[in-house]
$ cat run-v7.txt   # compact mmCIF, C-alpha atoms and all ligand atoms
# COMPACT_ATOMS: atom_id res chain seq x y z
CA MET O 346 -65.71 13.38 26.09
CA ASN O 347 -66.88 12.04 29.40
CA VAL O 348 -66.80 8.33 28.66
CA ALA O 349 -68.69 7.53 31.86
CA LEU O 350 -71.78 8.94 30.18
CA HIS O 351 -71.26 7.13 26.94
CA PRO O 352 -74.27 4.96 26.16
CA VAL O 353 -72.09 1.98 25.30
CA TYR O 354 -71.52 1.36 29.00
CA ALA O 355 -75.13 0.57 29.65
CA PRO O 356 -75.87 -3.00 28.58
CA PRO O 357 -77.54 -2.95 25.20
CA ARG O 358 -81.29 -3.20 25.61
CA ARG O 359 -82.26 -3.35 21.98
CA ARG O 360 -84.00 -6.67 21.63
CA SER O 361 -85.23 -6.47 18.08
CA GLY O 362 -83.68 -5.43 14.84
CA PRO O 363 -82.87 -6.46 11.35
CA GLY O 364 -81.43 -9.89 10.80
CA GLY O 365 -79.37 -11.52 8.08
CA VAL O 366 -76.40 -10.03 6.31
CA ALA O 367 -77.88 -6.51 6.30
CA GLY O 368 -78.41 -6.82 10.03
CA LEU O 369 -74.84 -7.90 10.56
CA ALA O 370 -73.52 -5.03 8.46
CA LEU O 371 -75.64 -2.60 10.47
CA MET O 372 -74.44 -4.07 13.75
CA LEU O 373 -70.86 -3.80 12.64
CA ALA O 374 -71.43 -0.18 11.65
CA LEU O 375 -73.05 0.52 15.02
CA ALA O 376 -70.14 -1.18 16.67
CA VAL O 377 -67.60 1.37 15.47
CA THR O 378 -68.00 3.51 18.58
CA PRO O 379 -68.61 0.80 21.19
CA VAL O 380 -65.41 -1.07 20.52
CA ASN O 381 -63.30 2.01 21.05
CA PRO O 382 -63.88 3.09 24.62
CA ALA O 383 -60.42 4.57 24.94
CA GLY O 384 -60.74 6.35 21.62
CA ALA O 385 -58.39 3.90 19.90
CA ALA O 386 -59.40 2.28 16.64
CA PRO O 387 -58.81 -1.48 16.56
CA ALA O 388 -55.77 -0.88 14.35
CA GLU O 389 -54.25 1.50 16.92
CA ARG O 390 -54.87 -0.90 19.79
CA GLY O 391 -53.13 -3.62 17.82
CA PRO O 392 -54.33 -7.14 17.19
CA ILE O 393 -55.76 -9.05 20.14
CA VAL O 394 -55.89 -12.78 20.83
CA ASP O 395 -58.80 -14.22 22.82
CA VAL O 396 -57.46 -17.47 24.28
CA HIS O 397 -60.75 -18.61 25.79
CA VAL O 398 -63.58 -19.14 23.32
CA HIS O 399 -66.05 -22.00 22.96
CA THR O 400 -67.52 -22.42 19.53
CA ALA O 401 -68.44 -24.90 16.82
CA PRO O 402 -66.70 -25.29 13.44
CA SER O 403 -69.85 -24.09 11.65
CA GLN O 404 -69.51 -20.69 13.37
CA TYR O 405 -65.84 -19.97 12.61
CA GLY O 406 -66.48 -17.67 9.64
CA LEU O 407 -69.04 -15.44 11.30
CA LEU O 408 -67.16 -15.40 14.59
CA ALA O 409 -63.81 -14.56 12.97
CA ASP O 410 -65.42 -11.56 11.23
CA VAL O 411 -67.28 -10.39 14.31
CA LEU O 412 -64.19 -10.65 16.50
CA ALA O 413 -61.96 -8.94 13.96
CA SER O 414 -64.36 -6.00 14.14
CA THR O 415 -63.59 -5.69 17.83
CA GLY O 416 -59.85 -5.97 17.14
CA VAL O 417 -59.56 -9.66 18.08
CA THR O 418 -57.74 -11.17 15.12
CA ARG O 419 -57.15 -14.65 16.56
CA PHE O 420 -58.90 -16.89 19.02
CA VAL O 421 -58.50 -20.27 20.67
CA ASN O 422 -61.42 -22.67 20.52
CA LEU O 423 -61.17 -24.67 23.72
CA SER O 424 -63.97 -27.01 22.62
CA GLY O 425 -62.20 -28.76 19.76
CA GLY O 426 -63.15 -32.29 20.77
CA VAL O 427 -61.28 -35.58 20.74
CA ALA O 428 -59.49 -37.23 17.80
CA GLY O 429 -62.06 -39.49 16.13
CA PHE O 430 -64.87 -37.60 17.87
CA GLY O 431 -65.09 -34.16 16.27
CA LEU O 432 -61.53 -32.84 16.49
CA GLU O 433 -60.80 -33.52 12.81
CA LYS O 434 -63.79 -31.40 11.83
CA ALA O 435 -62.83 -28.60 14.23
CA LEU O 436 -59.31 -28.52 12.76
CA ALA O 437 -60.35 -28.78 9.11
CA ALA O 438 -62.79 -25.89 9.52
CA ALA O 439 -60.02 -23.74 11.06
CA GLU O 440 -57.64 -24.45 8.16
CA PRO O 441 -58.82 -21.69 5.76
CA PHE O 442 -58.32 -19.04 8.46
CA GLU O 443 -54.54 -19.21 8.06
CA GLY O 444 -53.67 -19.66 11.70
CA ARG O 445 -56.19 -17.23 13.12
CA ILE O 446 -57.99 -20.04 14.95
CA ALA O 447 -56.12 -22.37 17.30
CA VAL O 448 -57.96 -25.48 18.41
CA CYS O 449 -57.62 -27.36 21.69
CA ALA O 450 -58.12 -31.10 21.98
CA ASN O 451 -60.15 -32.52 24.85
CA VAL O 452 -60.05 -35.71 26.93
CA ARG O 453 -62.70 -38.39 26.44
CA TRP O 454 -63.82 -38.49 30.08
CA ARG O 455 -66.69 -40.87 29.41
CA SER O 456 -64.11 -43.65 29.01
CA TYR O 457 -62.93 -43.16 32.60
CA THR O 458 -63.69 -46.79 33.56
CA ASP O 459 -61.41 -48.21 30.84
CA PRO O 460 -58.52 -49.98 32.54
CA ASP O 461 -56.10 -48.26 30.15
CA PHE O 462 -57.84 -44.89 30.36
CA ALA O 463 -54.72 -42.72 30.59
CA ALA O 464 -52.84 -44.66 27.90
CA GLU O 465 -55.83 -44.34 25.55
CA GLN O 466 -56.06 -40.62 26.20
CA VAL O 467 -52.35 -40.19 25.58
CA ALA O 468 -52.77 -41.95 22.21
CA LEU O 469 -55.72 -39.71 21.34
CA LEU O 470 -53.74 -36.65 22.35
CA GLU O 471 -50.80 -37.71 20.18
CA ARG O 472 -53.19 -38.10 17.27
CA GLY O 473 -54.73 -34.72 18.04
CA ALA O 474 -51.33 -33.03 18.12
CA ALA O 475 -50.34 -34.69 14.83
CA LEU O 476 -53.57 -33.40 13.29
CA GLY O 477 -52.79 -29.84 14.40
CA ALA O 478 -54.33 -29.32 17.83
CA ARG O 479 -52.30 -26.71 19.75
CA CYS O 480 -53.51 -27.25 23.29
CA LEU O 481 -55.48 -29.44 25.67
CA LYS O 482 -58.50 -28.21 27.62
CA ILE O 483 -59.57 -29.82 30.89
CA PRO O 484 -63.04 -28.92 32.18
CA LYS O 485 -64.18 -28.58 35.80
CA ALA O 486 -65.75 -32.02 35.43
CA LEU O 487 -62.34 -33.25 36.57
CA GLY O 488 -62.81 -32.90 40.30
CA LEU O 489 -66.54 -32.20 40.20
CA GLY O 490 -68.07 -34.71 37.80
CA VAL O 491 -65.89 -37.61 36.68
CA PRO O 492 -66.31 -40.45 39.18
CA ASP O 493 -63.41 -42.34 40.67
CA PRO O 494 -63.54 -45.69 38.83
CA ASP O 495 -62.56 -47.50 42.03
CA ASP O 496 -65.36 -45.97 44.07
CA GLU O 497 -68.13 -44.28 42.13
CA SER O 498 -69.46 -42.52 45.20
CA ARG O 499 -66.40 -40.27 44.99
CA TYR O 500 -65.02 -38.01 42.30
CA MET O 501 -61.69 -38.66 40.64
CA ALA O 502 -59.17 -36.34 42.26
CA VAL O 503 -57.62 -33.62 40.08
CA ASP O 504 -54.18 -34.91 41.11
CA ASP O 505 -55.04 -38.61 40.72
CA ALA O 506 -51.74 -40.27 39.85
CA ARG O 507 -53.46 -42.30 37.11
CA LEU O 508 -53.76 -39.08 35.10
CA ASP O 509 -50.07 -38.24 35.28
CA PRO O 510 -49.28 -39.77 31.86
CA ILE O 511 -51.75 -37.31 30.28
CA TRP O 512 -50.05 -34.26 31.82
CA ALA O 513 -46.62 -35.61 30.90
CA ALA O 514 -47.72 -36.30 27.31
CA ALA O 515 -49.08 -32.76 26.92
CA GLY O 516 -45.67 -31.44 27.98
CA ARG O 517 -43.83 -33.77 25.64
CA LEU O 518 -46.12 -32.82 22.72
CA GLY O 519 -45.77 -29.09 23.46
CA LEU O 520 -49.49 -28.68 24.14
CA PRO O 521 -50.25 -26.15 26.88
CA VAL O 522 -53.01 -27.42 29.19
CA PHE O 523 -55.93 -25.07 29.88
CA ILE O 524 -57.20 -26.37 33.20
CA HIS O 525 -60.48 -25.38 34.83
CA THR O 526 -60.65 -26.48 38.47
CA GLY O 527 -63.39 -25.64 40.93
CA ASP O 528 -65.63 -22.64 40.36
CA PRO O 529 -66.46 -19.30 41.98
CA LYS O 530 -66.28 -19.30 45.77
CA ALA O 531 -69.98 -18.44 46.03
CA PHE O 532 -70.92 -21.60 44.11
CA PHE O 533 -69.64 -23.61 47.09
CA GLU O 534 -71.60 -21.59 49.61
CA PRO O 535 -75.25 -22.22 50.59
CA LEU O 536 -77.96 -20.96 48.24
CA GLY O 537 -80.06 -18.12 49.59
CA PRO O 538 -80.26 -14.35 49.86
CA GLU O 539 -76.85 -14.24 51.58
CA ASN O 540 -75.17 -15.74 48.51
CA GLU O 541 -73.90 -12.86 46.40
CA ARG O 542 -74.08 -14.90 43.18
CA MET O 543 -77.79 -15.67 43.68
CA ASP O 544 -78.78 -13.90 40.44
CA GLU O 545 -76.79 -16.49 38.57
CA LEU O 546 -77.45 -19.48 40.84
CA GLY O 547 -81.18 -18.69 40.76
CA VAL O 548 -81.16 -19.26 37.00
CA HIS O 549 -78.76 -22.24 37.25
CA PRO O 550 -79.25 -23.98 40.62
CA GLU O 551 -77.37 -26.94 39.12
CA TRP O 552 -74.19 -24.81 39.17
CA SER O 553 -74.15 -24.94 42.96
CA PHE O 554 -71.54 -27.16 44.64
CA ALA O 555 -72.77 -26.36 48.15
CA ASP O 556 -73.77 -30.01 48.64
CA PRO O 557 -71.08 -31.65 50.82
CA LYS O 558 -70.96 -34.56 48.36
CA TYR O 559 -68.65 -32.32 46.31
CA PRO O 560 -65.02 -31.80 47.32
CA ARG O 561 -64.43 -28.42 48.90
CA ARG O 562 -63.04 -25.66 46.72
CA ALA O 563 -59.76 -25.29 48.61
CA GLU O 564 -59.10 -29.04 48.22
CA LEU O 565 -59.74 -28.85 44.48
CA LEU O 566 -57.39 -25.90 44.01
CA ALA O 567 -54.70 -27.54 46.15
CA ALA O 568 -54.91 -30.71 44.03
CA ARG O 569 -54.61 -28.63 40.84
CA ASP O 570 -51.62 -26.83 42.32
CA ARG O 571 -49.92 -30.16 43.07
CA VAL O 572 -50.38 -31.26 39.44
CA VAL O 573 -48.79 -28.02 38.19
CA ALA O 574 -45.87 -28.42 40.61
CA ARG O 575 -45.39 -32.09 39.72
CA HIS O 576 -45.18 -31.48 35.95
CA ARG O 577 -42.67 -28.72 35.44
CA GLY O 578 -42.18 -29.80 31.83
CA THR O 579 -45.83 -29.06 31.06
CA THR O 580 -47.25 -25.58 30.66
CA PHE O 581 -50.60 -25.03 32.38
CA ILE O 582 -53.03 -22.17 31.93
CA GLY O 583 -55.15 -21.83 35.05
CA VAL O 584 -58.30 -20.52 33.38
CA HIS O 585 -60.56 -17.99 35.08
CA PHE O 586 -57.57 -16.28 36.73
CA GLY O 587 -56.32 -19.49 38.23
CA ASN O 588 -59.92 -20.16 39.32
CA ASN O 589 -59.29 -17.96 42.32
CA PRO O 590 -59.91 -14.33 41.33
CA GLU O 591 -61.47 -13.90 44.77
CA ASP O 592 -57.96 -14.13 46.26
CA PRO O 593 -55.32 -12.28 44.20
CA ASP O 594 -52.62 -13.05 46.82
CA TYR O 595 -53.21 -16.77 46.24
CA VAL O 596 -52.90 -16.29 42.47
CA ALA O 597 -49.74 -14.20 42.84
CA LYS O 598 -48.10 -16.84 45.04
CA LEU O 599 -49.14 -19.60 42.65
CA LEU O 600 -47.59 -17.75 39.72
CA ALA O 601 -44.45 -17.00 41.73
CA ASP O 602 -44.07 -20.64 42.77
CA ASN O 603 -44.78 -22.15 39.35
CA PRO O 604 -42.89 -20.80 36.34
CA ASN O 605 -44.84 -23.27 34.15
CA LEU O 606 -48.18 -21.63 35.02
CA TYR O 607 -50.12 -18.93 33.15
CA VAL O 608 -53.58 -17.58 33.95
CA ASP O 609 -56.31 -16.20 31.72
CA LEU O 610 -58.95 -13.58 32.53
CA ALA O 611 -61.94 -15.46 31.16
CA ALA O 612 -65.27 -14.54 32.74
CA ARG O 613 -63.61 -13.20 35.88
CA LEU O 614 -63.35 -9.43 35.35
CA PRO O 615 -66.26 -8.96 37.78
CA GLU O 616 -64.23 -10.64 40.54
CA ILE O 617 -60.74 -9.39 39.64
CA GLY O 618 -62.06 -5.86 39.24
CA ARG O 619 -63.49 -5.74 42.78
CA HIS O 620 -60.07 -5.58 44.39
CA ASP O 621 -57.88 -2.54 44.97
CA PRO O 622 -57.00 -1.58 41.38
CA SER O 623 -53.44 -0.57 42.27
CA LYS O 624 -52.86 -4.02 43.75
CA ILE O 625 -54.27 -5.75 40.67
CA ARG O 626 -52.30 -3.48 38.38
CA ALA O 627 -49.11 -4.38 40.28
CA LEU O 628 -49.95 -8.09 39.92
CA PHE O 629 -50.43 -7.66 36.16
CA GLU O 630 -47.15 -5.75 35.83
CA ARG O 631 -45.28 -8.35 37.91
CA PHE O 632 -46.60 -11.31 35.94
CA ALA O 633 -47.04 -9.50 32.63
CA ASP O 634 -45.46 -12.41 30.76
CA ARG O 635 -47.96 -14.96 32.08
CA ILE O 636 -51.38 -13.35 31.94
CA LEU O 637 -53.52 -14.00 28.87
CA PHE O 638 -56.52 -12.12 27.52
CA GLY O 639 -59.55 -14.42 27.36
CA THR O 640 -63.28 -13.88 27.69
CA ASP O 641 -65.14 -17.22 27.80
CA LEU O 642 -67.21 -16.13 24.82
CA GLY O 643 -69.53 -18.95 23.78
CA PHE O 644 -70.67 -18.69 20.17
CA HIS O 645 -73.02 -21.37 18.92
CA ARG O 646 -75.93 -21.60 16.57
CA GLY O 647 -78.12 -22.04 19.64
CA GLY O 648 -76.94 -18.84 21.27
CA ILE O 649 -74.20 -16.57 22.50
CA MET O 650 -72.65 -16.80 25.97
CA LEU O 651 -70.91 -13.73 27.38
CA GLY O 652 -69.02 -15.20 30.32
CA SER O 653 -72.23 -16.57 31.80
CA VAL O 654 -75.80 -17.23 30.78
CA GLY O 655 -78.91 -15.56 32.13
CA ARG O 656 -82.57 -15.72 31.16
CA GLU O 657 -82.11 -13.21 28.36
CA ARG O 658 -80.27 -14.33 25.29
CA PRO O 659 -77.51 -11.97 24.19
CA ARG O 660 -77.63 -10.67 20.65
CA LEU O 661 -74.72 -10.34 18.29
CA ILE O 662 -74.31 -6.65 19.07
CA ASP O 663 -73.90 -7.44 22.77
CA VAL O 664 -70.62 -9.14 21.85
CA PHE O 665 -69.16 -5.73 20.93
CA TRP O 666 -70.23 -4.25 24.25
CA TYR O 667 -68.73 -7.24 26.08
CA TYR O 668 -65.31 -6.73 24.50
CA ALA O 669 -65.47 -2.96 24.87
CA VAL O 670 -65.87 -3.30 28.63
CA HIS O 671 -62.87 -5.63 28.80
CA PHE O 672 -60.74 -3.13 26.87
CA ARG O 673 -61.90 -0.26 29.04
CA TRP O 674 -61.09 -2.12 32.26
CA LEU O 675 -57.61 -3.09 31.10
CA GLU O 676 -56.70 0.22 29.48
CA ARG O 677 -58.22 2.85 31.73
CA ALA O 678 -58.13 3.58 35.43
CA ASP O 679 -61.87 4.38 35.43
CA ARG O 680 -63.56 3.94 38.79
CA SER O 681 -66.86 2.26 39.55
CA MET O 682 -67.51 1.03 36.04
CA GLN O 683 -70.05 -1.56 35.06
CA HIS O 684 -68.54 -5.01 34.65
CA PRO O 685 -69.06 -7.15 31.55
CA THR O 686 -71.21 -9.89 33.07
CA PRO O 687 -74.09 -8.26 34.99
CA ILE O 688 -75.57 -11.59 36.11
CA GLN O 689 -72.38 -12.39 38.04
CA GLY O 690 -73.13 -9.79 40.68
CA ARG O 691 -74.54 -6.39 41.52
CA TRP O 692 -71.36 -4.50 42.10
CA ARG O 693 -69.06 -2.27 40.08
CA ILE O 694 -65.41 -2.61 39.25
CA ASP O 695 -62.35 -0.37 38.96
CA GLY O 696 -60.24 -0.26 35.83
CA ILE O 697 -56.52 -0.97 36.11
CA GLY O 698 -55.06 1.22 33.32
CA LEU O 699 -52.16 -1.01 32.27
CA SER O 700 -49.02 0.32 30.60
CA PRO O 701 -48.80 -0.13 26.81
CA GLU O 702 -45.98 -2.69 27.30
CA THR O 703 -48.05 -4.87 29.61
CA LEU O 704 -51.13 -4.48 27.44
CA ALA O 705 -49.22 -5.72 24.40
CA LYS O 706 -48.15 -8.83 26.32
CA VAL O 707 -51.58 -9.57 27.77
CA TYR O 708 -53.46 -8.77 24.58
CA ARG O 709 -51.30 -10.74 22.15
CA LEU O 710 -47.58 -11.34 22.72
CA ASN O 711 -47.93 -14.00 25.43
CA ALA O 712 -50.59 -15.91 23.51
CA LEU O 713 -48.76 -15.73 20.20
CA LYS O 714 -45.62 -17.12 21.79
CA LEU O 715 -47.36 -19.82 23.79
CA LEU O 716 -49.88 -21.12 21.27
CA TRP O 717 -48.47 -20.14 17.90
CA GLY O 718 -44.74 -20.02 18.62
CA GLU O 719 -44.65 -16.54 17.07
CA ASP O 720 -42.89 -13.42 18.33
CA GLY O 721 -45.55 -11.00 17.22
CA PRO O 722 -48.54 -10.45 14.98
CA GLY O 723 -48.17 -11.09 11.26
CA PRO O 724 -49.77 -10.23 7.93
CA THR O 725 -52.90 -12.29 8.68
CA ASP O 726 -53.59 -10.11 11.72
CA ALA O 727 -53.08 -6.95 9.70
CA GLU O 728 -55.40 -8.28 6.99
CA ALA O 729 -58.04 -9.18 9.55
CA LEU O 730 -57.95 -5.68 11.02
CA GLU O 731 -58.11 -4.14 7.59
CA LEU O 732 -61.13 -6.24 6.74
CA ALA O 733 -62.71 -5.24 10.03
CA THR O 734 -62.22 -1.56 9.33
CA GLY O 735 -63.80 -2.10 5.94
CA LEU O 736 -66.80 -3.81 7.44
CA ALA O 737 -67.21 -1.25 10.18
CA GLY O 738 -67.11 1.60 7.70
CA PHE O 739 -69.49 -0.12 5.31
CA LEU O 740 -72.48 2.13 6.00
CA ASP O 741 -70.59 5.37 6.74
ZN ZN O 801 -64.74 -21.69 29.36
$ encode --input "run-v7.txt" --output "structure tokens" --more "lines below"
Ligand SMILES: [Zn+2]
Amino acid sequence: MNVALHPVYAPPRRRSGPGGVAGLALMLALAVTPVNPAGAAPAERGPIVDVHVHTAPSQYGLLADVLASTGVTRFVNLSGGVAGFGLEKALAAAEPFEGRIAVCANVRWRSYTDPDFAAEQVALLERGAALGARCLKIPKALGLGVPDPDDESRYMAVDDARLDPIWAAAGRLGLPVFIHTGDPKAFFEPLGPENERMDELGVHPEWSFADPKYPRRAELLAARDRVVARHRGTTFIGVHFGNNPEDPDYVAKLLADNPNLYVDLAARLPEIGRHDPSKIRALFERFADRILFGTDLGFHRGGIMLGSVGRERPRLIDVFWYYAVHFRWLERADRSMQHPTPIQGRWRIDGIGLSPETLAKVYRLNALKLLWGEDGPGPTDAEALELATGLAGFLD
């Protein structure tokens, strides 16, 4: 079959349909084909871990079922919250899923003026780890939003020495740090027809950091790199492909220089996929042990986010399409394919067709080792896939 003609590769346009449980069952049934672009059933592809998800405890059940139907048996919720401020709830809700949901703690940035800010955050992190948090997530607000308490006209630097105790504590507690620093290159360039991310910036002008009041992107990344180099005992995950998918040579050097650094793919296939696919494939093969599958799926009662947000709200079924495109890009060497986040730019990407060994690492083995301390998938993953097959075949 010529997969290039397969309807799944056009973004779903269906904007009305049945709701409720019957609707979900129908969507899952419809999803049987879309999730298998390479002809593999989820069980053949093997379980997948999505390390970059933002969701609320109330959505865990639905999301776990939906993701299992795509083959994703585990996910990491980066938006777990802070001990005493939501983290307990995020962890308690994950409990019944028998390890399928890992939860990251966050920093309470609003306390930045407290004289003992770092010490307080370390204490909160220790509590979070004791409660069961498996990681720490740092948002781009560090560098682009949290003021410097000494001079509020500036932003706190990503490598501000006052934060060092937090990075050291994460290392000591065995919590990998997902760190988001800066944003796409185009977000730092002037708004206007020349800006190739105008589709997105037109909807969200507040995402622009073109204003010189913001630190420049290269400065932000350099500060992040210094933190990673300074804390060798702490594992960092540079989210969004090290926040520099525009420059794969930079990412390769960063990974080569820092054995304590991983990167995830979240919301950056459109950028990574623009480069020479053989070069990207070589990068993946070289750093196969330190690249993690992640999507930046946002799943909340208020709406779904598929790597970005446009004017149109995605529907549940669009989630299946979103994952299918990721799988196709990683598994096949297809040329000029549509990327998973149309609003991020009007270009096409080239698939990288990874080897089965590298795919297994990127899809699950690296994440299982790093966040679960496990060597491979277990019975809960097998059960999740079995359940997914059952749901998908419900209306056959
Ligand atoms: Zn994210």
$ residues_around --input "run-v7.txt" --residues "Thr418 of chain O" --least-positions-apart "3" --cutoff "6 Å" --atoms "only C-alpha atoms" --output "MDAnalysis selection string"
chainID O and resid 392:393 413 726 729
$ closest_residue --input "run-v7.txt" --among "O:Glu591, O:Glu389, O:Asp395, O:Glu551" --to "ligand ZN 801 (chain O)" --atoms "all atoms listed in the file"
O:Asp395
$ residues_around --input "run-v7.txt" --residues "Arg472 of chain O" --least-positions-apart "3" --cutoff "10 Å" --atoms "all atoms listed in the file" --output "VMD selection string"
chain O and resid 427 to 429 432 to 433 450 466 to 469 475 to 478
$ closest_residue --input "run-v7.txt" --among "O:Val664, O:Val491, O:Ala437, O:Leu610" --to "ligand ZN 801 (chain O)" --atoms "only C-alpha atoms and all ligand atoms"
O:Leu610
$ residues_near_ligand --input "run-v7.txt" --ligand "ligand ZN 801 (chain O)" --cutoff "10 Å" --atoms "only C-alpha atoms and all ligand atoms" --output "PyMOL selection string"
chain O and resi 396-399+422-424+482-485+523-525+584-585+611-612+639-643+650+652-653
$ residues_near_point --input "run-v7.txt" --point "(-69.3, 0.5, 34.4)" --cutoff "9 Å" --atoms "only C-alpha atoms" --output "VMD selection string"
chain O and resid 349 354 to 355 670 674 679 to 685 693 to 695
$ residues_near_point --input "run-v7.txt" --point "(-49.0, -7.3, 26.4)" --cutoff "12 Å" --atoms "all atoms listed in the file" --output "mmCIF file with C-alpha atoms, in the coordinates of the input"
data_model
loop_
_atom_site.group_PDB
_atom_site.id
_atom_site.type_symbol
_atom_site.label_atom_id
_atom_site.label_comp_id
_atom_site.auth_asym_id
_atom_site.auth_seq_id
_atom_site.Cartn_x
_atom_site.Cartn_y
_atom_site.Cartn_z
ATOM 1 C CA ARG O 390 -54.870 -0.900 19.790
ATOM 2 C CA GLY O 391 -53.130 -3.620 17.820
ATOM 3 C CA PRO O 392 -54.330 -7.140 17.190
ATOM 4 C CA ILE O 393 -55.760 -9.050 20.140
ATOM 5 C CA VAL O 394 -55.890 -12.780 20.830
ATOM 6 C CA PHE O 629 -50.430 -7.660 36.160
ATOM 7 C CA GLU O 630 -47.150 -5.750 35.830
ATOM 8 C CA PHE O 632 -46.600 -11.310 35.940
ATOM 9 C CA ALA O 633 -47.040 -9.500 32.630
ATOM 10 C CA ASP O 634 -45.460 -12.410 30.760
ATOM 11 C CA ARG O 635 -47.960 -14.960 32.080
ATOM 12 C CA ILE O 636 -51.380 -13.350 31.940
ATOM 13 C CA LEU O 637 -53.520 -14.000 28.870
ATOM 14 C CA PHE O 638 -56.520 -12.120 27.520
ATOM 15 C CA LEU O 675 -57.610 -3.090 31.100
ATOM 16 C CA GLU O 676 -56.700 0.220 29.480
ATOM 17 C CA LEU O 699 -52.160 -1.010 32.270
ATOM 18 C CA SER O 700 -49.020 0.320 30.600
ATOM 19 C CA PRO O 701 -48.800 -0.130 26.810
ATOM 20 C CA GLU O 702 -45.980 -2.690 27.300
ATOM 21 C CA THR O 703 -48.050 -4.870 29.610
ATOM 22 C CA LEU O 704 -51.130 -4.480 27.440
ATOM 23 C CA ALA O 705 -49.220 -5.720 24.400
ATOM 24 C CA LYS O 706 -48.150 -8.830 26.320
ATOM 25 C CA VAL O 707 -51.580 -9.570 27.770
ATOM 26 C CA TYR O 708 -53.460 -8.770 24.580
ATOM 27 C CA ARG O 709 -51.300 -10.740 22.150
ATOM 28 C CA LEU O 710 -47.580 -11.340 22.720
ATOM 29 C CA ASN O 711 -47.930 -14.000 25.430
ATOM 30 C CA ALA O 712 -50.590 -15.910 23.510
ATOM 31 C CA LEU O 713 -48.760 -15.730 20.200
ATOM 32 C CA LYS O 714 -45.620 -17.120 21.790
ATOM 33 C CA ASP O 720 -42.890 -13.420 18.330
ATOM 34 C CA GLY O 721 -45.550 -11.000 17.220
ATOM 35 C CA PRO O 722 -48.540 -10.450 14.980
#
$ atom_distance --input "run-v7.txt" --atom1 "atom CA of Gly648 of chain O" --atom2 "atom CA of Ser403 of chain O"
13.1 Å
$ residues_around --input "run-v7.txt" --residues "Ser498 of chain O" --least-positions-apart "6" --cutoff "12 Å" --atoms "all atoms listed in the file" --output "VMD selection string"
chain O and resid 489 to 492 558 to 560
$ write_last_selection --input "run-v7.txt" --atoms "C-alpha atoms" --output "PDB file, in the coordinates of the input"
ATOM      1  CA  LEU O 489     -66.540 -32.200  40.200  1.00  0.00           C
ATOM      2  CA  GLY O 490     -68.070 -34.710  37.800  1.00  0.00           C
ATOM      3  CA  VAL O 491     -65.890 -37.610  36.680  1.00  0.00           C
ATOM      4  CA  PRO O 492     -66.310 -40.450  39.180  1.00  0.00           C
ATOM      5  CA  LYS O 558     -70.960 -34.560  48.360  1.00  0.00           C
ATOM      6  CA  TYR O 559     -68.650 -32.320  46.310  1.00  0.00           C
ATOM      7  CA  PRO O 560     -65.020 -31.800  47.320  1.00  0.00           C
TER       8      PRO O 560
END
$ residues_around --input "run-v7.txt" --residues "segment 570-582 of chain O" --least-positions-apart "4" --cutoff "7 Å" --atoms "all atoms listed in the file" --output "ChimeraX atom specification"
/O:504,512-513,515-516,521-524,566,603,605-609
$ axis_aligned_box --input "run-v7.txt" --around "segment 418-432 of chain O" --padding-each-side "5 Å" --output "AutoDock Vina command-line options"
--center_x -61.1 --center_y -25.3 --center_z 19.4 --size_x 17.9 --size_y 38.3 --size_z 18.6
$ residues_around --input "run-v7.txt" --residues "Ile625 of chain O" --least-positions-apart "5" --cutoff "10 Å" --atoms "only C-alpha atoms" --output "list of chain:residue names"
O:Pro593, O:Asp594, O:Ala597, O:Ile617, O:Gly618, O:Arg619, O:His620, O:Glu630, O:Arg631, O:Asp695, O:Gly696, O:Ile697, O:Leu699
$ atom_distance --input "run-v7.txt" --atom1 "atom CA of Leu661 of chain O" --atom2 "atom CA of Asn451 of chain O"
27.3 Å
$ atom_distance --input "run-v7.txt" --atom1 "atom CA of Phe644 of chain O" --atom2 "atom CA of Asp528 of chain O"
21.2 Å
$ closest_residue --input "run-v7.txt" --among "O:Trp552, O:Phe462, O:Phe586, O:Leu546" --to "Ile511 of chain O" --atoms "all atoms listed in the file"
O:Phe462
